[in-house]
Amino acid sequence: MTPTPPSFPRGRRAALSLTALAAAILVALPGTAQAEPDDDEVDIDELTRRAEELEETYDGELLQFTEIKQRVEKAEEDLEEIEERLESSRVGVSTIASTQYKSGGAFDPAFEVIFSSDPEEMFADAATLAYLGESQAEQIAELIATRDEAAEVAEELQSEKDEAAELIEELEAERENVAERIKEYEEQQVPDPPETPGNGTIPESAKGWGWSGATPRMAAIRDEIVMRFGAPYPVGCLRSSADDHGTGQACDFMMSANGALPSAENKALGMQISQYAIDNADRLGVKYIIWEQQIWHSANRQWKWMEDRGSYTQNHYDHVHISSY
């Protein structure tokens with residue numbers, strides 16, 4: 001026997017205006033939440049202005065903030081596109097409701113199911129689906145799915161904005177300390193030697209592009225790491241670029257060749273080098289480290305995920321990037 005969908009009291013059914021019906025269709029959907037702007041919503045433009053004020057102290061390197069800002073902008077674009085689809089879906093479902101209402105005030109069973117306690121379950125119930133026309137079922141399902149998607153992206157966007165605000169606050173709080181460290185590093189020129197020096201030497205095979213162009217501090221960091229851990233592939237330093245490589249303040253410790261993923265052994269080596277640089281950041285004057293699509297900055301001492309740049313090399317899966325002050 002085919003089950004009968006739940007019905008509405010006649011008085012309630014007759015009292016619904018078209019506008020109220022369209023709103024009720026959205027409000028009744030479970031598991032969803034509309035993305036409404038918050039009074040204390042983070043202003044990414046204001047954070048960008050504050051980040052620009054920090055550039056001099058942080059030597060122009062606010063890569064962590066830049067990465068978060070790019071994710072914020074992408075989420076905003078995605079949300080705008082989803083909102084357009086959501087509006088289109090609303091119009092489609094409202095049209096169905098309007099047609100039913102104007103045809104005599106009686107609603108299609110589809111809408112009675114929509115107003116039931118758990119409407120999403122109907123899409124897994126073949127018997128209930130039998131009450132819906134194919135077009136109506138698709139449009140209602142699309143409305144539910146698009147609204148869920150909008151809520152998810154809006155939550156993700158707010159999370160990214162909160163992370164950006166937290167990062168800027170951390171950098172502002174550390175600004176004076178970082179400026180003092182930079183002054184000390186500039187006077188010192190090279191880091192103090194390690195308490196337990198490495199016993200290795202620097203083989204010619206470790207000397208990659210721009211080796212001789214590294215600054216004294218970066219050269220000392222590079223040599224200490226190579227003598228302690230070795231270098232499975234050439235280490236590159238100075239090159240023509242807008243980042244720290246362009247000033248000789250960065251070196252890439254390659255863990256594989258030709259853009260391939262490193263072996264398990266070299267991946268472990270990359271992790272060891274990254275951790276060594278973190279553990280000795282203050283002594284060495286390490287500014288930031290990039291490894292496996294994450295960036296660690298000495299100002300806030302946290303790993304942050306970076307945007308996918310499209311390749312193992314650009315995402316730093318095949319080499320550890322270390323920048324110095």
# chains A, B, ... in the order shown; residues from 1 in each chain; ligands from 1
>>> residues_around(residues="Gly208 in chain A", least_positions_apart="6", cutoff="6 Å", atoms="only C-alpha atoms", output="list of chain:residue names")
A:Pro234, A:Val235, A:Gly236
>>> atom_distance(atom1="CA of Asp45 in chain A", atom2="CA of Leu79 in chain A")
17.7 Å
>>> residues_around(residues="Ile278 in chain A", least_positions_apart="6", cutoff="9 Å", atoms="only C-alpha atoms", output="count of residues only")
6
>>> closest_residue(among="A:Ile290, A:Met218, A:Ile68, A:Ser311", to="Leu261 in chain A", atoms="only C-alpha atoms")
A:Ser311
>>> closest_residue(among="A:Arg49, A:Ser159, A:Ile144, A:Gln70", to="Arg309 in chain A", atoms="only C-alpha atoms")
A:Gln70
>>> residues_around(residues="Glu156 in chain A", least_positions_apart="4", cutoff="8 Å", atoms="only C-alpha atoms", output="CSV table (one decimal) with C-alpha atoms, in the first residue's frame")
chain,number,residue,atom,x,y,z
A,75,ALA,CA,35.8,31.8,-0.7
A,152,GLU,CA,29.4,25.5,4.4
A,160,GLU,CA,39.6,32.1,7.2
>>> residues_around(residues="range 185-187 of chain A", least_positions_apart="2", cutoff="12 Å", atoms="only C-alpha atoms", output="PyMOL selection string")
chain A and resi 178-183+189-192+215-218+281-287+324-325
>>> residues_around(residues="Leu86 in chain A", least_positions_apart="5", cutoff="10 Å", atoms="only C-alpha atoms", output="VMD selection string")
chain A and resid 80 to 81 91 to 92 142 to 150
